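Asker: Below is the file structure_30.tsv, with TSV, C-alpha atoms.
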```tsv
chain	number	residue	atom	x	y	z
G	7	MET	CA	-21.74	7.78	3.78
G	8	THR	CA	-24.83	9.86	3.40
G	9	GLY	CA	-25.92	12.58	5.76
G	10	THR	CA	-26.17	16.28	6.43
G	11	ALA	CA	-23.74	18.32	4.34
G	12	LEU	CA	-21.36	20.64	6.14
G	13	SER	CA	-21.99	23.71	4.06
G	14	ALA	CA	-20.06	26.11	6.29
G	15	LEU	CA	-17.55	24.40	8.50
G	16	GLY	CA	-15.63	27.13	10.22
G	17	ALA	CA	-18.80	29.13	10.89
G	18	PRO	CA	-21.16	28.33	13.79
G	19	PHE	CA	-23.09	25.17	12.87
G	20	SER	CA	-26.65	25.94	11.81
G	21	GLU	CA	-27.74	22.56	13.18
G	22	HIS	CA	-27.08	23.86	16.70
G	23	ALA	CA	-29.90	26.39	16.47
G	24	GLY	CA	-32.97	25.00	18.15
G	25	ALA	CA	-31.35	21.60	18.68
G	26	ALA	CA	-32.18	21.50	22.39
G	27	GLY	CA	-35.92	21.67	21.82
G	28	ASN	CA	-36.11	19.08	19.02
G	29	SER	CA	-33.30	16.67	19.92
G	30	SER	CA	-35.49	14.07	21.66
G	31	ASN	CA	-38.07	14.10	18.87
G	32	ASP	CA	-35.38	13.87	16.17
G	33	SER	CA	-33.74	11.01	18.04
G	34	TYR	CA	-37.05	9.13	18.25
G	35	LEU	CA	-37.81	9.62	14.55
G	36	ASN	CA	-34.34	8.53	13.51
G	37	SER	CA	-34.54	5.47	15.76
G	38	PHE	CA	-37.88	4.60	14.10
G	39	ARG	CA	-36.32	4.93	10.62
G	40	ILE	CA	-33.44	2.64	11.61
G	41	SER	CA	-35.88	0.02	12.91
G	42	ALA	CA	-38.02	0.25	9.78
G	43	ALA	CA	-35.05	-0.07	7.40
G	44	ALA	CA	-33.58	-2.92	9.45
G	45	GLY	CA	-36.89	-4.77	9.52
G	46	ARG	CA	-37.28	-4.55	5.76
G	47	LEU	CA	-33.63	-5.48	5.15
G	48	ALA	CA	-34.08	-8.56	7.37
G	49	LEU	CA	-36.61	-9.88	4.83
G	50	HIS	CA	-33.89	-9.78	2.16
G	51	VAL	CA	-31.56	-12.03	4.16
G	52	SER	CA	-34.21	-14.40	5.57
G	53	PRO	CA	-34.63	-17.98	4.26
G	54	GLN	CA	-37.46	-16.69	2.05
G	55	GLU	CA	-35.29	-13.85	0.82
G	56	ILE	CA	-36.57	-11.13	-1.51
G	57	ASN	CA	-34.65	-11.07	-4.76
G	58	ASN	CA	-34.55	-7.31	-5.31
G	59	VAL	CA	-31.00	-5.99	-5.61
G	60	VAL	CA	-32.06	-2.34	-6.02
G	61	GLU	CA	-34.16	-2.34	-2.85
G	62	PHE	CA	-31.43	-4.21	-0.95
G	63	CYS	CA	-28.90	-1.50	-1.83
G	64	GLN	CA	-31.33	1.31	-1.02
G	65	LEU	CA	-32.02	-0.20	2.40
G	66	CYS	CA	-28.29	-0.52	3.11
G	67	LEU	CA	-27.84	3.17	2.30
G	68	ALA	CA	-30.89	4.20	4.33
G	69	LEU	CA	-29.65	2.22	7.32
G	70	ALA	CA	-26.18	3.78	6.97
G	71	ARG	CA	-27.77	7.23	6.87
G	72	GLY	CA	-29.74	6.54	10.04
G	73	ILE	CA	-26.64	5.25	11.85
G	74	ASP	CA	-24.66	8.32	10.78
G	75	ARG	CA	-27.32	10.67	12.09
G	76	ALA	CA	-27.45	8.86	15.41
G	77	LEU	CA	-23.66	8.89	15.70
G	78	SER	CA	-23.39	12.60	14.92
G	79	SER	CA	-25.87	13.33	17.73
G	80	HIS	CA	-24.37	10.76	20.14
G	81	ASP	CA	-27.62	8.76	20.18
G	82	ILE	CA	-27.95	4.97	20.45
G	83	PRO	CA	-31.14	3.49	18.92
G	84	ASN	CA	-33.46	1.62	21.28
G	85	LYS	CA	-33.03	-1.71	19.50
G	86	ALA	CA	-29.33	-1.42	18.68
G	87	PHE	CA	-28.67	-4.79	20.37
G	88	GLU	CA	-30.75	-6.51	17.63
G	89	LEU	CA	-28.67	-5.14	14.75
G	90	PRO	CA	-25.39	-7.17	14.86
G	91	SER	CA	-27.01	-10.43	13.70
G	92	LEU	CA	-28.61	-8.57	10.77
G	93	PHE	CA	-25.29	-6.98	9.73
G	94	LYS	CA	-23.56	-10.36	9.83
G	95	GLN	CA	-26.22	-11.81	7.54
G	96	VAL	CA	-25.91	-8.86	5.16
G	97	CYS	CA	-22.15	-9.43	4.89
G	98	ARG	CA	-22.78	-12.91	3.52
G	99	ARG	CA	-23.71	-11.11	0.29
G	100	LYS	CA	-20.36	-9.27	0.09
G	101	GLY	CA	-19.29	-11.46	-2.84
G	102	ASP	CA	-22.09	-10.08	-5.02
G	103	ALA	CA	-20.52	-7.39	-7.24
G	104	PHE	CA	-23.82	-5.48	-7.52
G	105	MET	CA	-24.27	-5.27	-3.74
G	106	GLN	CA	-20.65	-4.83	-2.69
G	107	ALA	CA	-20.53	-1.01	-2.72
G	108	ALA	CA	-23.77	-0.60	-0.74
G	109	ILE	CA	-22.63	-3.18	1.81
G	110	MET	CA	-19.33	-1.33	2.19
G	111	VAL	CA	-21.11	1.97	2.84
G	112	LEU	CA	-23.25	0.29	5.49
G	113	MET	CA	-20.32	-1.48	7.16
G	114	ILE	CA	-18.26	1.72	7.37
G	115	SER	CA	-21.08	3.25	9.41
G	116	VAL	CA	-21.43	0.03	11.42
G	117	LYS	CA	-17.70	0.13	12.21
G	118	SER	CA	-18.11	3.66	13.60
G	119	ALA	CA	-21.07	2.46	15.69
G	120	CYS	CA	-18.86	-0.30	17.12
G	121	GLN	CA	-16.25	2.28	18.09
G	122	SER	CA	-18.97	4.35	19.79
G	123	GLY	CA	-20.03	1.50	22.07
G	124	TRP	CA	-23.32	0.47	20.45
G	125	PHE	CA	-22.67	-3.27	20.71
G	126	SER	CA	-21.02	-5.80	22.98
G	127	GLU	CA	-17.26	-6.28	22.81
G	128	LYS	CA	-17.60	-9.62	20.98
G	129	ASP	CA	-20.10	-8.30	18.43
G	130	SER	CA	-18.00	-5.18	17.87
G	131	GLU	CA	-14.90	-7.27	17.18
G	132	ASP	CA	-16.77	-9.51	14.73
G	133	LEU	CA	-18.38	-6.59	12.91
G	134	CYS	CA	-15.12	-4.64	12.63
G	135	ASN	CA	-13.44	-7.69	11.12
G	136	LEU	CA	-16.29	-8.03	8.62
G	137	ALA	CA	-16.05	-4.32	7.77
G	138	ASN	CA	-12.33	-4.69	7.09
G	139	GLU	CA	-12.99	-7.72	4.87
G	140	VAL	CA	-15.53	-5.77	2.82
G	141	SER	CA	-13.29	-2.69	2.50
G	142	SER	CA	-10.33	-4.84	1.41
G	143	SER	CA	-12.21	-5.44	-1.86
G	144	PHE	CA	-11.84	-1.72	-2.57
G	145	CYS	CA	-8.22	-1.43	-1.35
G	146	SER	CA	-5.02	-2.54	-3.07
G	147	SER	CA	-3.41	-3.12	0.33
G	148	THR	CA	-4.42	-3.24	3.95
G	149	ASN	CA	-0.84	-2.66	5.10
G	150	PHE	CA	-0.85	1.13	5.39
G	151	LYS	CA	-1.05	3.52	8.30
G	152	CYS	CA	-4.19	5.48	9.15
G	153	GLU	CA	-2.84	7.03	12.35
G	154	PRO	CA	-0.66	10.18	12.15
G	155	SER	CA	1.35	9.55	15.35
G	156	SER	CA	4.59	8.55	13.59
G	157	SER	CA	4.35	11.43	11.08
G	158	LEU	CA	3.27	14.30	13.33
G	159	SER	CA	6.80	15.72	13.45
G	160	ILE	CA	7.00	15.77	9.63
G	161	ILE	CA	3.57	17.40	9.31
G	162	SER	CA	4.43	20.04	11.92
G	163	MET	CA	7.77	20.79	10.25
G	164	VAL	CA	6.16	21.18	6.80
G	165	MET	CA	3.45	23.45	8.22
G	166	SER	CA	5.93	25.72	9.99
G	167	ARG	CA	8.30	25.85	7.02
G	168	PHE	CA	5.90	26.36	4.11
G	169	TYR	CA	2.64	27.51	5.75
G	170	PRO	CA	3.62	29.68	8.73
G	171	GLN	CA	0.35	31.56	8.37
G	172	LEU	CA	-1.68	28.37	9.05
G	173	LYS	CA	-2.12	26.73	12.44
G	174	LEU	CA	-2.75	22.97	12.48
G	175	GLY	CA	-5.69	21.85	14.61
G	176	GLU	CA	-7.48	18.53	15.16
G	177	ILE	CA	-6.62	15.82	12.61
G	178	PHE	CA	-9.66	13.85	11.40
G	179	ALA	CA	-8.16	11.56	8.76
G	180	PHE	CA	-4.70	10.42	7.75
G	181	LEU	CA	-3.15	8.15	5.12
G	182	GLU	CA	0.44	7.05	4.61
G	183	VAL	CA	0.88	6.12	0.94
G	184	LYS	CA	3.71	4.04	-0.52
G	185	PRO	CA	5.21	4.37	-4.06
G	186	GLY	CA	3.50	2.59	-6.94
G	187	TYR	CA	-0.11	2.08	-7.96
G	188	GLY	CA	-2.59	1.67	-5.15
G	189	THR	CA	-5.95	2.42	-3.59
G	190	PHE	CA	-6.03	3.62	0.01
G	191	ILE	CA	-9.08	4.48	2.10
G	192	ASN	CA	-9.82	5.82	5.57
G	193	ASP	CA	-13.23	6.46	7.12
G	194	PHE	CA	-13.73	9.03	9.87
G	195	GLN	CA	-16.46	10.65	11.92
G	196	ILE	CA	-17.53	14.29	12.33
G	197	SER	CA	-19.81	14.94	15.27
G	198	LYS	CA	-22.33	17.77	15.40
G	199	ASN	CA	-20.88	19.00	18.68
G	200	VAL	CA	-17.31	19.20	17.42
G	201	LYS	CA	-15.68	22.32	18.86
G	202	ILE	CA	-13.86	24.61	16.45
G	203	SER	CA	-12.88	28.24	16.27
G	204	PRO	CA	-14.89	30.44	13.87
G	205	GLU	CA	-11.92	30.96	11.54
G	206	ALA	CA	-10.98	27.24	11.29
G	207	LYS	CA	-11.64	25.27	8.10
G	208	LEU	CA	-11.15	21.65	7.18
G	209	ARG	CA	-8.26	21.36	4.72
G	210	LEU	CA	-6.53	18.52	2.88
G	211	LEU	CA	-2.72	18.47	2.97
G	212	VAL	CA	-0.67	16.19	0.69
G	213	VAL	CA	3.10	15.99	1.28
G	214	GLN	CA	5.80	13.88	-0.37
G	215	ILE	CA	8.06	13.01	2.56
G	216	ASP	CA	11.10	11.79	0.59
G	217	ASN	CA	12.44	15.34	0.42
G	218	THR	CA	10.85	18.13	2.43
G	219	GLU	CA	13.67	20.64	1.97
G	220	THR	CA	11.99	22.39	-0.98
G	221	SER	CA	8.41	23.25	-1.88
G	222	SER	CA	8.43	20.51	-4.55
G	223	CYS	CA	7.24	18.16	-1.78
G	224	LEU	CA	3.88	19.98	-1.97
G	225	VAL	CA	3.24	19.12	-5.63
G	226	ASN	CA	0.27	16.78	-6.11
G	227	PRO	CA	1.28	13.39	-7.60
G	228	PRO	CA	0.32	13.86	-11.28
G	229	LEU	CA	-1.29	10.43	-11.78
G	230	ALA	CA	-3.12	10.20	-8.47
G	231	ASN	CA	-6.62	11.16	-7.35
G	232	PHE	CA	-7.85	12.26	-3.94
G	233	LEU	CA	-11.55	11.85	-3.20
G	234	LEU	CA	-13.87	12.67	-0.31
G	235	ASN	CA	-17.16	10.80	-0.13
G	236	GLY	CA	-16.69	9.73	-3.74
G	237	ARG	CA	-16.07	13.24	-5.12
G	238	GLY	CA	-12.75	14.41	-6.48
G	239	VAL	CA	-10.98	17.15	-4.51
G	240	GLU	CA	-10.44	20.30	-6.58
G	241	LYS	CA	-7.03	20.35	-8.33
G	242	ARG	CA	-6.14	17.01	-6.78
G	243	THR	CA	-7.29	14.60	-9.51
G	244	ASN	CA	-5.51	13.60	-12.70
G	245	THR	CA	-8.19	15.35	-14.78
G	246	SER	CA	-7.86	18.72	-13.03
G	247	THR	CA	-4.50	18.98	-11.32
G	248	ASP	CA	-2.21	21.85	-10.43
G	249	THR	CA	1.39	21.25	-11.49
G	250	GLY	CA	2.93	23.46	-8.82
G	251	PRO	CA	3.09	23.38	-5.01
G	252	GLN	CA	-0.37	23.59	-3.49
G	253	VAL	CA	-1.81	25.26	-0.43
G	254	PRO	CA	-3.85	22.84	1.75
G	255	THR	CA	-7.21	22.55	-0.02
G	256	ILE	CA	-10.38	23.70	1.75
G	257	VAL	CA	-12.79	20.72	1.70
G	258	SER	CA	-15.41	21.71	4.31
G	259	HIS	CA	-18.15	21.79	1.67
G	260	MET	CA	-17.45	18.16	0.69
G	261	LEU	CA	-17.99	16.72	4.17
G	262	LYS	CA	-20.98	15.88	6.32
G	263	TYR	CA	-21.90	15.05	9.86
G	264	GLY	CA	-21.47	11.36	10.60
G	265	THR	CA	-19.24	9.01	8.60
G	266	ASN	CA	-17.00	10.31	5.82
G	267	LEU	CA	-14.58	8.51	3.51
G	268	LEU	CA	-11.15	9.67	2.31
G	269	GLN	CA	-9.67	7.87	-0.73
G	270	ALA	CA	-6.30	8.09	-2.47
G	271	VAL	CA	-6.21	6.26	-5.80
G	272	GLY	CA	-3.63	6.11	-8.59
G	273	GLU	CA	0.09	6.02	-9.29
G	274	PHE	CA	2.26	7.55	-6.57
G	275	ASN	CA	5.81	8.60	-7.45
G	276	GLY	CA	7.07	8.57	-3.86
G	277	ASN	CA	6.11	8.24	-0.21
G	278	TYR	CA	3.25	10.56	0.75
G	279	VAL	CA	1.30	11.52	3.84
G	280	VAL	CA	-2.26	12.74	3.39
G	281	THR	CA	-3.80	14.71	6.25
G	282	LEU	CA	-7.30	16.10	6.67
G	283	ALA	CA	-7.46	18.50	9.59
G	284	PHE	CA	-8.81	21.74	10.91
G	285	MET	CA	-6.50	24.63	10.06
G	286	SER	CA	-6.90	28.27	10.97
G	287	MET	CA	-5.16	31.43	9.83
G	288	VAL	CA	-2.65	32.85	12.27
G	289	PRO	CA	-3.46	36.56	12.77
G	290	THR	CA	-0.79	38.88	11.41
G	291	PRO	CA	0.61	41.03	14.22
G	292	ASP	CA	0.30	44.80	13.84
G	293	PRO	CA	3.53	46.33	12.58
G	294	ALA	CA	5.55	47.71	15.47
G	295	THR	CA	5.59	51.47	15.63
G	296	LEU	CA	9.09	52.78	16.19
G	297	PRO	CA	9.27	55.76	18.54
G	298	ASP	CA	10.89	58.94	17.28
G	299	TYR	CA	14.63	58.84	17.79
G	300	VAL	CA	15.83	61.19	20.46
G	301	GLN	CA	19.51	61.87	20.62
G	302	PRO	CA	20.94	61.28	24.07
G	303	ALA	CA	22.21	64.31	25.87
G	304	PRO	CA	26.00	64.53	25.77
G	305	ALA	CA	27.93	63.81	28.91
G	306	SER	CA	29.88	66.56	30.60
G	307	LYS	CA	31.87	68.32	27.98
G	308	ASP	CA	35.58	67.48	27.89
G	309	PRO	CA	37.65	70.60	27.10
G	310	ASP	CA	40.06	68.43	25.11
G	311	SER	CA	37.25	67.13	22.83
G	312	GLU	CA	37.25	70.23	20.63
G	313	ILE	CA	39.87	72.06	18.62
G	314	ILE	CA	39.33	75.81	18.28
G	315	GLU	CA	41.39	77.71	15.75
G	316	GLY	CA	40.25	81.27	15.16
G	317	PRO	CA	36.59	81.23	14.05
G	318	SER	CA	36.70	77.44	13.39
G	319	ARG	CA	35.60	74.77	15.88
G	320	ILE	CA	36.24	71.02	15.26
G	321	SER	CA	34.69	68.34	17.52
G	322	LEU	CA	36.59	65.12	18.18
G	323	ASN	CA	33.38	63.35	19.33
G	324	CYS	CA	31.29	60.99	17.18
G	325	PRO	CA	28.06	62.90	16.30
G	326	ILE	CA	25.98	59.76	17.06
G	327	ARG	CA	27.58	58.24	20.14
G	328	TYR	CA	29.04	61.47	21.54
G	329	ALA	CA	32.18	59.47	22.26
G	330	ALA	CA	35.67	60.52	21.37
G	331	PHE	CA	37.17	59.11	18.19
G	332	LEU	CA	40.17	56.85	18.73
G	333	SER	CA	42.52	56.76	15.76
G	334	LYS	CA	45.23	54.23	15.13
G	335	ALA	CA	47.79	56.99	15.14
G	336	SER	CA	46.81	58.26	18.59
G	337	PHE	CA	46.62	54.68	19.87
G	338	GLY	CA	50.15	54.10	18.66
G	339	VAL	CA	51.44	57.27	20.26
G	340	ASP	CA	49.74	56.42	23.56
G	341	SER	CA	51.08	52.90	23.52
G	342	MET	CA	54.64	54.15	23.12
G	343	LYS	CA	54.42	56.34	26.18
```
Written as structure tokens, how would this file's structure read?

Answerer:
Amino acid sequence: MTGTALSALGAPFSEHAGAAGNSSNDSYLNSFRISAAAGRLALHVSPQEINNVVEFCQLCLALARGIDRALSSHDIPNKAFELPSLFKQVCRRKGDAFMQAAIMVLMISVKSACQSGWFSEKDSEDLCNLANEVSSSFCSSTNFKCEPSSSLSIISMVMSRFYPQLKLGEIFAFLEVKPGYGTFINDFQISKNVKISPEAKLRLLVVQIDNTETSSCLVNPPLANFLLNGRGVEKRTNTSTDTGPQVPTIVSHMLKYGTNLLQAVGEFNGNYVVTLAFMSMVPTPDPATLPDYVQPAPASKDPDSEIIEGPSRISLNCPIRYAAFLSKASFGVDSMK
């Protein structure tokens, strides 16, 4: 889960500048780093294994970083086909409490590599199963949704009702959280060539879906924590929380190219959906300029529409509509004729 920080998502990516001229060289260097880290890590899982926990963890993190960089640039290392057997051997150490976190970081990146077609179908299936086994040690339950398809209507309704000035864009991560104490995680990828509008920013939206009629559904659960890449999201942890309804939190500065991790940990007092997506401000339309009111010209003057008595003149027409008044009295007289 290490990589290049996204310091200004929403602005043109600085990594794009000059990328065309250096991409092949960067790809070669990163492929070399992956091979070097993998070669050294292989010594730790060989029959004559090296008993150095610190170096083992550092190599797992270095290998994860190399995989993330390759994924963000859509590169596949030259010797990718040699890696699955190494990853399977590394996962044999998943029961070691000191190595567990580093192995999880590595396997999250490996899982993304499987989804990007690095390995054969059989190896990808085996590695994804191993990644899920490792992550289950950090999750209270594996029975939760990470796909927003069933909740898109709720998210869209909440956005239009409470945030009409924000437009929902591409969703990168999603969690559906059940009541009670729990730990929920979802890993996701951000590619360097992701296409966004200049005004779009990555935001985190948390909604209690039990009652979306009032803005109370936007209050952060008071005993829960939301983390991105191991760091607490501002005003969304139990040590620094906002007690009122919250606007979707800008989290662009907490993310990086490659693999990222969203976590929801704590006591949840209802059913929640957690969405991380691009959102952009809807431009406010210019206020309409009303033209000066011009009174319509009166129709041909009816001689019976005015009463003239000496110097006085009384009009029976409405001054706005230029139509004759119709009183109940006159209506009654006419109706009796």

Asker: Find the spatial neighbours of G:Phe38, counting all atoms listed in the file, within a cut-off of 10 Å - ignore same-chain residues fewer than 3 positions away - and output them as a PyMOL selection string.

Answerer: chain G and resi 32-35+41-44+72+83-85

Asker: Atom CA of G:Ile161 and atom CA of G:Pro254, how far apart in Å?

Answerer: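 Rounded to one decimal, the two atoms are 11.9 Å apart.
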
Asker: Quick check, in Å to one decimal: how far apart do atom CA of G:Asn266 and atom CA of G:Asn135 lie?

Answerer: 19.1 Å

Asker: With stretch 229-246 of chain G as the partner and 12 Å as the cut-off, tabulate the residues of stretch 91-139 of chain G that qualify, each row holding the nearest pair of atoms and their distance in Å to one decimal, using all atoms listed in the file, sorted by chain and rising number, as JSON lines.

Answerer:
```
{"residue": "G:Ala107", "atom": "CA", "partner": "G:Gly236", "partner_atom": "CA", "distance": 11.5}
{"residue": "G:Val111", "atom": "CA", "partner": "G:Asn235", "partner_atom": "CA", "distance": 10.1}
{"residue": "G:Ile114", "atom": "CA", "partner": "G:Asn235", "partner_atom": "CA", "distance": 11.8}
```

Asker: Can you work out which one of G:Leu112, G:Leu69, G:Leu181, G:Val96 has the shortest atom-to-atom distance to G:Val213, counting only C-alpha atoms?

Answerer: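 The answer is G:Leu181, which sits nearest to G:Val213.
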
Asker: Let me make sure I understand: among G:Ile109, G:Leu224, G:Ile320, G:Ala270, which one has the smallest atom-to-atom distance to G:Arg167 if we use only C-alpha atoms?

Answerer: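 Looking only at the distances to G:Arg167, the closest residue turns out to be G:Leu224.
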